[in-house]
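The next block is start-v3.csv, given as CSV, C-alpha atoms.
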chain,number,residue,atom,x,y,z
A,382,MET,CA,-208.4,36.1,31.2
A,383,GLY,CA,-210.2,39.5,31.0
A,384,ARG,CA,-208.4,40.7,34.2
A,385,GLN,CA,-204.8,40.1,33.1
A,386,PRO,CA,-204.3,43.4,31.2
A,387,THR,CA,-205.5,45.4,34.2
A,388,PHE,CA,-203.1,43.5,36.5
A,389,ARG,CA,-200.2,44.1,34.2
A,390,ILE,CA,-200.9,47.8,33.9
A,391,ARG,CA,-201.1,48.1,37.7
A,392,PHE,CA,-197.9,46.1,38.1
A,393,ALA,CA,-196.1,48.3,35.6
A,394,LEU,CA,-197.3,51.5,37.3
A,395,LEU,CA,-196.0,50.2,40.7
A,396,ILE,CA,-192.6,49.4,39.1
A,397,THR,CA,-192.4,52.9,37.5
A,398,ILE,CA,-193.3,54.7,40.8
A,399,ALA,CA,-190.8,52.6,42.8
A,400,SER,CA,-188.1,53.5,40.2
A,401,ILE,CA,-188.9,57.2,40.3
A,402,THR,CA,-188.9,57.2,44.2
A,403,THR,CA,-185.5,55.4,44.3
A,404,SER,CA,-184.1,58.0,41.8
A,405,LEU,CA,-185.4,60.9,43.9
A,406,LEU,CA,-184.0,59.4,47.1
A,407,ALA,CA,-180.6,58.8,45.5
A,408,GLY,CA,-180.6,62.4,44.2
A,409,CYS,CA,-181.3,63.7,47.7
A,410,SER,CA,-178.6,61.6,49.2
A,411,THR,CA,-176.1,62.9,46.6
A,412,VAL,CA,-177.0,66.5,47.3
A,413,ASN,CA,-176.7,66.1,51.1
A,414,GLU,CA,-173.4,64.1,51.0
A,415,GLY,CA,-171.7,66.1,48.3
A,416,GLY,CA,-172.6,69.5,49.8
A,417,THR,CA,-173.8,70.8,46.4
A,418,GLY,CA,-177.3,71.5,47.5
A,419,THR,CA,-178.7,74.1,49.9
A,420,ALA,CA,-176.7,73.9,53.1
A,421,ALA,CA,-178.3,74.3,56.5
A,422,ALA,CA,-178.4,77.9,57.7
A,423,PRO,CA,-175.2,78.6,59.8
A,424,THR,CA,-175.6,79.0,63.6
A,425,THR,CA,-174.3,82.2,65.3
A,426,SER,CA,-172.4,82.9,68.5
A,427,ILE,CA,-171.0,85.9,70.4
A,428,GLN,CA,-167.3,85.4,71.1
A,429,THR,CA,-165.5,87.1,74.0
A,430,LEU,CA,-162.5,89.2,72.9
A,431,GLU,CA,-160.1,90.3,75.6
A,432,TYR,CA,-156.5,91.4,76.2
A,433,TYR,CA,-154.3,88.9,78.0
A,434,PRO,CA,-152.1,90.9,80.4
A,435,TYR,CA,-148.3,90.0,80.4
A,436,GLN,CA,-148.7,87.3,77.8
A,437,VAL,CA,-146.1,89.1,75.7
A,438,LYS,CA,-142.9,89.7,77.6
A,439,GLY,CA,-139.9,91.9,77.1
A,440,TYR,CA,-141.2,95.5,77.0
A,441,GLN,CA,-142.5,95.9,80.5
A,442,ASN,CA,-141.4,99.1,82.3
A,443,SER,CA,-139.1,100.1,79.4
A,444,TYR,CA,-140.8,103.5,78.6
A,445,PRO,CA,-140.7,106.8,80.5
A,446,LYS,CA,-143.4,107.4,83.0
A,447,LYS,CA,-145.4,109.8,80.9
A,448,THR,CA,-149.1,110.2,80.3
A,449,ILE,CA,-150.7,108.9,77.1
A,450,GLN,CA,-154.4,109.2,76.2
A,451,ILE,CA,-155.9,106.3,74.2
A,452,LEU,CA,-158.6,107.5,71.8
A,453,MET,CA,-161.5,105.2,70.8
A,454,PRO,CA,-160.2,103.0,68.0
A,455,ALA,CA,-162.1,103.3,64.7
A,456,ASP,CA,-163.4,100.1,63.1
A,457,ALA,CA,-162.0,100.6,59.6
A,458,ARG,CA,-162.2,97.0,58.4
A,459,ASP,CA,-163.5,96.0,55.0
A,460,THR,CA,-166.9,94.5,56.2
A,461,THR,CA,-168.3,93.7,52.7
A,462,GLY,CA,-170.6,90.7,53.1
A,463,THR,CA,-170.2,90.6,56.9
A,464,ALA,CA,-173.1,92.5,58.3
A,465,PRO,CA,-173.3,92.9,62.1
A,466,LEU,CA,-175.8,90.9,64.2
A,467,ASN,CA,-177.9,93.1,66.5
A,468,GLY,CA,-175.1,95.7,66.6
A,469,ASN,CA,-172.4,93.0,67.2
A,470,PRO,CA,-169.7,93.1,64.5
A,471,ALA,CA,-168.8,89.9,62.6
A,472,VAL,CA,-165.3,88.6,63.6
A,473,GLY,CA,-165.1,85.2,61.9
A,474,VAL,CA,-166.5,81.9,60.8
A,475,VAL,CA,-166.4,78.2,61.4
A,476,ILE,CA,-166.3,76.0,58.3
A,477,ASP,CA,-166.6,72.2,57.7
A,478,GLN,CA,-164.6,69.9,55.6
A,479,SER,CA,-166.6,70.8,52.5
A,480,ASN,CA,-165.8,74.5,53.1
A,481,ASN,CA,-169.4,75.3,54.1
A,482,VAL,CA,-169.9,78.0,56.8
A,483,THR,CA,-171.5,76.2,59.7
A,484,GLU,CA,-171.2,79.1,62.3
A,485,ARG,CA,-170.9,82.8,62.1
A,486,LEU,CA,-168.9,84.5,64.8
A,487,TYR,CA,-169.6,87.9,66.4
A,488,SER,CA,-168.3,90.0,69.3
A,489,SER,CA,-169.3,93.1,71.2
A,490,PRO,CA,-168.2,96.4,69.6
A,491,LEU,CA,-164.5,96.3,68.9
A,492,GLY,CA,-163.6,99.9,69.8
A,493,PRO,CA,-163.9,99.7,73.6
A,494,THR,CA,-162.2,96.3,73.8
A,495,VAL,CA,-159.2,97.4,71.7
A,496,GLN,CA,-159.0,100.8,73.5
A,497,GLN,CA,-158.8,99.0,76.9
A,498,ALA,CA,-156.2,96.6,75.5
A,499,ILE,CA,-154.0,99.4,74.3
A,500,GLY,CA,-154.3,101.1,77.6
A,501,ARG,CA,-153.3,98.0,79.5
A,502,SER,CA,-150.3,97.4,77.2
A,503,ALA,CA,-149.2,101.1,77.7
A,504,ASP,CA,-149.4,100.6,81.4
A,505,GLU,CA,-147.3,97.5,81.2
A,506,ALA,CA,-144.8,99.5,79.1
A,507,GLY,CA,-144.4,101.9,82.1
A,508,MET,CA,-146.6,104.7,80.9
A,509,SER,CA,-149.7,106.1,82.5
A,510,ALA,CA,-152.7,105.6,80.2
A,511,SER,CA,-156.1,107.2,80.2
A,512,SER,CA,-158.9,106.9,77.7
A,513,SER,CA,-161.2,109.2,75.7
A,514,PRO,CA,-164.4,108.6,73.8
A,515,ASP,CA,-163.0,110.7,70.9
A,516,VAL,CA,-162.0,108.8,67.8
A,517,ALA,CA,-159.9,111.5,66.1
A,518,TYR,CA,-157.1,113.6,67.6
A,519,LYS,CA,-157.8,117.3,68.2
A,520,PRO,CA,-154.7,119.4,67.8
A,521,GLY,CA,-154.2,122.2,70.3
A,522,VAL,CA,-155.9,120.4,73.2
A,523,LYS,CA,-153.1,119.6,75.8
A,524,ASN,CA,-154.3,117.6,78.8
A,525,THR,CA,-151.8,114.7,78.3
A,526,GLU,CA,-148.3,114.3,77.0
A,527,TYR,CA,-149.2,111.9,74.2
A,528,VAL,CA,-152.3,110.9,72.4
A,529,LEU,CA,-152.7,107.6,70.6
A,530,GLU,CA,-155.1,107.3,67.7
A,531,SER,CA,-155.8,104.0,66.0
A,532,LYS,CA,-157.8,102.2,63.3
A,533,ILE,CA,-158.7,98.5,63.3
A,534,ARG,CA,-157.9,97.3,59.8
A,535,ARG,CA,-158.3,93.5,60.4
A,536,CYS,CA,-160.0,91.4,63.1
A,537,TRP,CA,-160.9,88.0,61.8
A,538,VAL,CA,-160.8,84.3,62.9
A,539,LYS,CA,-161.5,81.2,60.9
A,540,LYS,CA,-161.9,77.8,62.5
A,541,SER,CA,-161.7,74.9,60.0
A,542,ARG,CA,-162.4,71.2,60.1
A,543,LEU,CA,-159.7,69.4,58.2
A,544,SER,CA,-158.6,65.8,57.5
A,545,GLY,CA,-155.8,64.5,59.6
A,546,GLN,CA,-153.8,61.3,59.6
A,547,ASP,CA,-155.9,59.9,62.5
A,548,GLY,CA,-159.2,61.5,61.5
A,549,PRO,CA,-160.8,65.0,61.3
A,550,ILE,CA,-158.9,67.8,63.2
A,551,TRP,CA,-159.6,71.5,63.9
A,552,ARG,CA,-157.3,74.3,62.9
A,553,THR,CA,-157.9,78.0,63.8
A,554,VAL,CA,-156.2,81.0,62.4
A,555,ALA,CA,-156.7,84.6,63.6
A,556,ASP,CA,-155.5,87.9,62.1
A,557,PHE,CA,-155.4,91.3,63.8
A,558,VAL,CA,-154.1,94.5,62.3
A,559,LEU,CA,-153.9,98.1,63.7
A,560,ASP,CA,-152.8,101.4,62.2
A,561,ILE,CA,-151.4,103.7,64.9
A,562,ALA,CA,-150.6,107.4,65.1
A,563,ILE,CA,-149.2,109.0,68.2
A,564,TYR,CA,-149.4,112.7,68.7
A,565,LYS,CA,-147.7,115.1,71.1
A,566,PRO,CA,-150.2,117.9,71.9
A,567,PRO,CA,-150.6,120.6,70.8
A,568,PHE,CA,-148.9,119.7,67.5
A,569,SER,CA,-150.9,118.5,64.6
A,570,VAL,CA,-148.2,116.5,62.9
A,571,PRO,CA,-147.9,112.9,64.3
A,572,PHE,CA,-145.0,112.2,66.7
A,573,TRP,CA,-144.9,108.6,65.4
A,574,THR,CA,-146.9,106.4,63.0
A,575,GLY,CA,-146.8,102.7,62.3
A,576,SER,CA,-148.8,99.5,61.8
A,577,SER,CA,-149.0,96.6,64.1
A,578,ASN,CA,-150.2,93.1,63.0
A,579,ASP,CA,-150.2,89.5,64.1
A,580,THR,CA,-151.4,86.2,62.7
A,581,TYR,CA,-151.8,83.4,65.2
A,582,TYR,CA,-152.4,79.7,64.5
A,583,ASP,CA,-153.9,77.2,66.9
A,584,PRO,CA,-152.3,74.7,67.1
A,585,PRO,CA,-149.1,76.5,66.2
A,586,VAL,CA,-147.6,75.4,62.9
A,587,GLY,CA,-144.6,73.2,63.3
A,588,SER,CA,-144.2,73.5,67.1
A,589,PHE,CA,-142.0,70.9,68.7
A,590,GLY,CA,-141.0,69.8,65.2
A,591,LEU,CA,-144.3,68.1,64.6
A,592,GLY,CA,-146.7,68.5,61.7
A,593,SER,CA,-150.1,70.0,62.1
A,594,GLU,CA,-151.8,66.6,62.1
A,595,ASP,CA,-149.9,65.6,65.2
A,596,GLU,CA,-150.6,68.7,67.3
A,597,ALA,CA,-153.5,69.6,69.6
A,598,GLY,CA,-155.1,73.0,69.8
A,599,ILE,CA,-154.6,75.1,72.9
A,600,TYR,CA,-157.8,77.0,72.9
A,601,ASP,CA,-161.4,75.8,72.9
A,602,GLU,CA,-163.1,78.9,71.4
A,603,PRO,CA,-162.1,80.8,68.3
A,604,GLY,CA,-162.6,84.0,70.2
A,605,GLN,CA,-159.7,83.0,72.5
A,606,VAL,CA,-157.4,82.5,69.4
A,607,LEU,CA,-158.5,85.9,68.1
A,608,SER,CA,-157.8,87.4,71.6
A,609,VAL,CA,-154.2,86.1,71.4
A,610,ALA,CA,-153.7,87.8,68.0
A,611,LEU,CA,-155.2,91.0,69.4
A,612,THR,CA,-152.9,90.8,72.5
A,613,ARG,CA,-149.8,90.2,70.4
A,614,SER,CA,-150.7,93.0,67.9
A,615,VAL,CA,-151.4,95.5,70.6
A,616,ALA,CA,-148.2,94.6,72.6
A,617,ALA,CA,-146.2,94.9,69.4
A,618,ILE,CA,-146.9,98.7,69.4
A,619,PHE,CA,-144.8,99.2,72.5
A,620,GLN,CA,-142.2,96.5,71.5
A,621,ARG,CA,-141.1,98.8,68.6
A,622,GLN,CA,-137.6,99.9,69.3
A,623,ASP,CA,-137.9,103.0,67.2
A,624,LEU,CA,-140.9,104.2,69.2
A,625,ARG,CA,-139.2,103.4,72.5
A,626,ASN,CA,-136.0,105.3,71.5
A,627,LEU,CA,-138.1,108.3,70.3
A,628,MET,CA,-139.9,108.5,73.6
A,629,LEU,CA,-136.8,108.0,75.7
A,630,GLU,CA,-135.0,110.8,73.7
A,631,ASP,CA,-138.1,113.0,74.1
A,632,ASP,CA,-138.0,112.4,77.9
A,633,ILE,CA,-134.4,113.5,78.1
A,634,LYS,CA,-135.1,116.6,76.1
A,635,SER,CA,-138.0,117.5,78.4
A,636,HIS,CA,-135.7,117.5,81.4

Take the structure in this file and express it as structure tokens.
Amino acid sequence: MGRQPTFRIRFALLITIASITTSLLAGCSTVNEGGTGTAAAPTTSIQTLEYYPYQVKGYQNSYPKKTIQILMPADARDTTGTAPLNGNPAVGVVIDQSNNVTERLYSSPLGPTVQQAIGRSADEAGMSASSSPDVAYKPGVKNTEYVLESKIRRCWVKKSRLSGQDGPIWRTVADFVLDIAIYKPPFSVPFWTGSSNDTYYDPPVGSFGLGSEDEAGIYDEPGQVLSVALTRSVAAIFQRQDLRNLMLEDDIKSH
């Protein structure tokens, strides 16, 4: 009879410990499943950005065969909260269904990639493009007929995990925006100015009359989707009818 109180105390302590343990485990499960706790640190990847030659049709060989120098584009984006990784600029994110960032995307420096893209597009248009490491146009220096100065205002891609009718799906959207100024040396006033932008969705919204839940993406990597937006934005510079007409008129006058 003297041992019963000790037994009851130990039994009560075991019940209390078990109850506390169950509560803690339940709390941890809620935090993990609800996404309200500390999420795992996002992974990182270096995406390849490139220009896709002749993907955009309709402007090839429509410009006079004149020389144009492509200056190094300036990265003028708002990069608040998107620090580079070892010198590689941030270009996007991958997010899960709870809107948590699971991967941060980076690329090699944007200037040389975009400079090469603009040069390729100018060549497609029928011009003869060269490049310069200078970022800003220098009036008075005449070693080419035209000089193209540019600023990268937007270069970003987001790949999202969404709920579809038949289960989770991926949707990617990329934005690319450029400000352009074309000069005619030795004059300091721009010959032409404009902005070029493109937003590209993968899979395309509403293609073939289907909803987004019924469509499959074309590209595996978000960098490829961003490359399409880059290509279309760059090509849109030389698709501009006002720029084409201005250069054709200038070509007539020069003769």

- Residue neighbourhood Asp579 of chain A, 12 Å, only C-alpha atoms, exclusion window fewer than 5 positions, as a list in words: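 Returned residues: Arg534, Arg535, Cys536, Trp537, Val538, Val554, Ala555, Asp556, Phe557, Val558, Leu559, Val606, Leu607, Ser608, Val609, Ala610, Leu611, Thr612, Arg613, Ser614, Val615, Ala616, Ala617 and Ile618 of chain A.
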
Write to file, as an mmCIF file, in the coordinates of the input, the residues of the selection just made, with C-alpha atoms.
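Dumped to selection.cif:
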data_model
loop_
_atom_site.group_PDB
_atom_site.id
_atom_site.type_symbol
_atom_site.label_atom_id
_atom_site.label_comp_id
_atom_site.auth_asym_id
_atom_site.auth_seq_id
_atom_site.Cartn_x
_atom_site.Cartn_y
_atom_site.Cartn_z
ATOM 1 C CA ARG A 534 -157.900 97.300 59.800
ATOM 2 C CA ARG A 535 -158.300 93.500 60.400
ATOM 3 C CA CYS A 536 -160.000 91.400 63.100
ATOM 4 C CA TRP A 537 -160.900 88.000 61.800
ATOM 5 C CA VAL A 538 -160.800 84.300 62.900
ATOM 6 C CA VAL A 554 -156.200 81.000 62.400
ATOM 7 C CA ALA A 555 -156.700 84.600 63.600
ATOM 8 C CA ASP A 556 -155.500 87.900 62.100
ATOM 9 C CA PHE A 557 -155.400 91.300 63.800
ATOM 10 C CA VAL A 558 -154.100 94.500 62.300
ATOM 11 C CA LEU A 559 -153.900 98.100 63.700
ATOM 12 C CA VAL A 606 -157.400 82.500 69.400
ATOM 13 C CA LEU A 607 -158.500 85.900 68.100
ATOM 14 C CA SER A 608 -157.800 87.400 71.600
ATOM 15 C CA VAL A 609 -154.200 86.100 71.400
ATOM 16 C CA ALA A 610 -153.700 87.800 68.000
ATOM 17 C CA LEU A 611 -155.200 91.000 69.400
ATOM 18 C CA THR A 612 -152.900 90.800 72.500
ATOM 19 C CA ARG A 613 -149.800 90.200 70.400
ATOM 20 C CA SER A 614 -150.700 93.000 67.900
ATOM 21 C CA VAL A 615 -151.400 95.500 70.600
ATOM 22 C CA ALA A 616 -148.200 94.600 72.600
ATOM 23 C CA ALA A 617 -146.200 94.900 69.400
ATOM 24 C CA ILE A 618 -146.900 98.700 69.400
#

- Message: Excluding segment 426-428 of chain A and its own-chain neighbours fewer than 6 positions away, which residues fall within 6 Å of it when counting all atoms listed in the file? Please give them as an NGL selection string.
- Response: :A and (486-488 or 604)

- Message: Could you list, as JSON, numbers by chain, every residue within 9 Å of segment 475-483 of chain A, counting all atoms listed in the file and ignoring same-chain residues fewer than 4 positions away?
- Response: {"A": [415, 416, 420, 421, 422, 423, 424, 425, 538, 539, 540, 541, 542, 543, 544, 549, 553, 603]}

- Query: Could you work out how far atom CA of Phe619 of chain A lies from atom CA of Phe568 of chain A, giving the answer in Å with one decimal?
  - Reply: 21.5 Å

- Query: Counting only C-alpha atoms, which of A:Ala503, A:Met628, A:Leu466, A:Ile561 gets nearest to Ser531 of chain A?
  - Reply: A:Ile561

- Given the choices A:Thr460, A:Pro454, A:Pro470, A:Ser502, which gets closest to Tyr435 of chain A if the distance is worked out from all atoms listed in the file?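 Going through A:Thr460, A:Pro454, A:Pro470, A:Ser502 one by one, the smallest distance to Tyr435 of chain A is for A:Ser502.
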
- Item | Interatomic distance, atom CA of Leu624 of chain A to atom CA of Glu431 of chain A (Å, one decimal) |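 The value is 24.6 Å.
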
- Query: Hey, can you check how far atom CA of Val474 of chain A sits from atom CA of Gln496 of chain A?
  - Reply: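 Separation between atom CA of Val474 of chain A and atom CA of Gln496 of chain A: 24.0 Å.
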
- Message: Considering all atoms listed in the file, can you say which of A:Val472, A:Leu491, A:Ala506, A:Leu430 comes closest to Gln620 of chain A?
- Response: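 With all atoms listed in the file as the atom set, the closest residue is A:Ala506.
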
How would segment 503-514 of chain A read, as a short mmCIF file (atom, residue, chain, number, x, y, z; two decimals), in the coordinates of the input, once all heavy atoms are built in?
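Saved the output as result.cif:
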data_model
loop_
_atom_site.label_atom_id
_atom_site.label_comp_id
_atom_site.auth_asym_id
_atom_site.auth_seq_id
_atom_site.Cartn_x
_atom_site.Cartn_y
_atom_site.Cartn_z
N ALA A 503 -150.00 99.87 77.38
CA ALA A 503 -149.20 101.10 77.70
C ALA A 503 -148.83 101.12 79.14
O ALA A 503 -147.70 101.51 79.48
CB ALA A 503 -150.05 102.32 77.31
N ASP A 504 -149.73 100.71 80.02
CA ASP A 504 -149.40 100.60 81.40
C ASP A 504 -148.28 99.64 81.70
O ASP A 504 -147.37 99.89 82.51
CB ASP A 504 -150.64 100.26 82.26
CG ASP A 504 -151.65 101.40 82.37
OD1 ASP A 504 -151.25 102.58 82.21
OD2 ASP A 504 -152.84 101.11 82.60
N GLU A 505 -148.34 98.49 81.03
CA GLU A 505 -147.30 97.50 81.20
C GLU A 505 -145.94 98.07 80.71
O GLU A 505 -144.88 97.77 81.29
CB GLU A 505 -147.61 96.24 80.35
CG GLU A 505 -148.69 95.36 80.93
CD GLU A 505 -148.91 94.11 80.09
OE1 GLU A 505 -147.91 93.52 79.63
OE2 GLU A 505 -150.08 93.72 79.90
N ALA A 506 -145.99 98.89 79.67
CA ALA A 506 -144.80 99.50 79.10
C ALA A 506 -144.13 100.48 80.09
O ALA A 506 -142.96 100.83 79.93
CB ALA A 506 -145.04 100.14 77.79
N GLY A 507 -144.90 100.93 81.08
CA GLY A 507 -144.40 101.90 82.10
C GLY A 507 -144.99 103.25 81.98
O GLY A 507 -144.64 104.13 82.77
N MET A 508 -145.93 103.44 81.05
CA MET A 508 -146.60 104.70 80.90
C MET A 508 -147.83 104.79 81.76
O MET A 508 -148.21 103.80 82.40
CB MET A 508 -146.92 104.98 79.42
CG MET A 508 -145.72 104.87 78.49
SD MET A 508 -146.05 105.41 76.80
CE MET A 508 -146.04 107.19 77.03
N SER A 509 -148.46 105.95 81.79
CA SER A 509 -149.70 106.10 82.50
C SER A 509 -150.81 106.45 81.55
O SER A 509 -150.88 107.55 80.99
CB SER A 509 -149.54 107.28 83.55
OG SER A 509 -150.74 107.50 84.26
N ALA A 510 -151.68 105.46 81.31
CA ALA A 510 -152.70 105.60 80.20
C ALA A 510 -154.03 106.02 80.77
O ALA A 510 -154.46 105.63 81.86
CB ALA A 510 -152.82 104.24 79.53
N SER A 511 -154.69 106.85 79.96
CA SER A 511 -156.10 107.20 80.20
C SER A 511 -156.84 107.01 78.89
O SER A 511 -156.24 106.71 77.85
CB SER A 511 -156.19 108.68 80.64
OG SER A 511 -155.70 109.55 79.62
N SER A 512 -158.15 107.15 78.92
CA SER A 512 -158.90 106.90 77.70
C SER A 512 -159.83 108.10 77.41
O SER A 512 -160.13 108.92 78.28
CB SER A 512 -159.79 105.64 77.87
OG SER A 512 -160.70 105.79 78.96
N SER A 513 -160.26 108.17 76.14
CA SER A 513 -161.20 109.20 75.70
C SER A 513 -162.16 108.64 74.73
O SER A 513 -161.82 107.75 73.94
CB SER A 513 -160.35 110.34 75.00
OG SER A 513 -161.21 111.23 74.32
N PRO A 514 -163.40 109.12 74.73
CA PRO A 514 -164.40 108.60 73.80
C PRO A 514 -164.18 109.17 72.36
O PRO A 514 -164.79 108.70 71.41
CB PRO A 514 -165.72 109.13 74.35
CG PRO A 514 -165.35 110.35 75.14
CD PRO A 514 -163.99 110.07 75.69
#
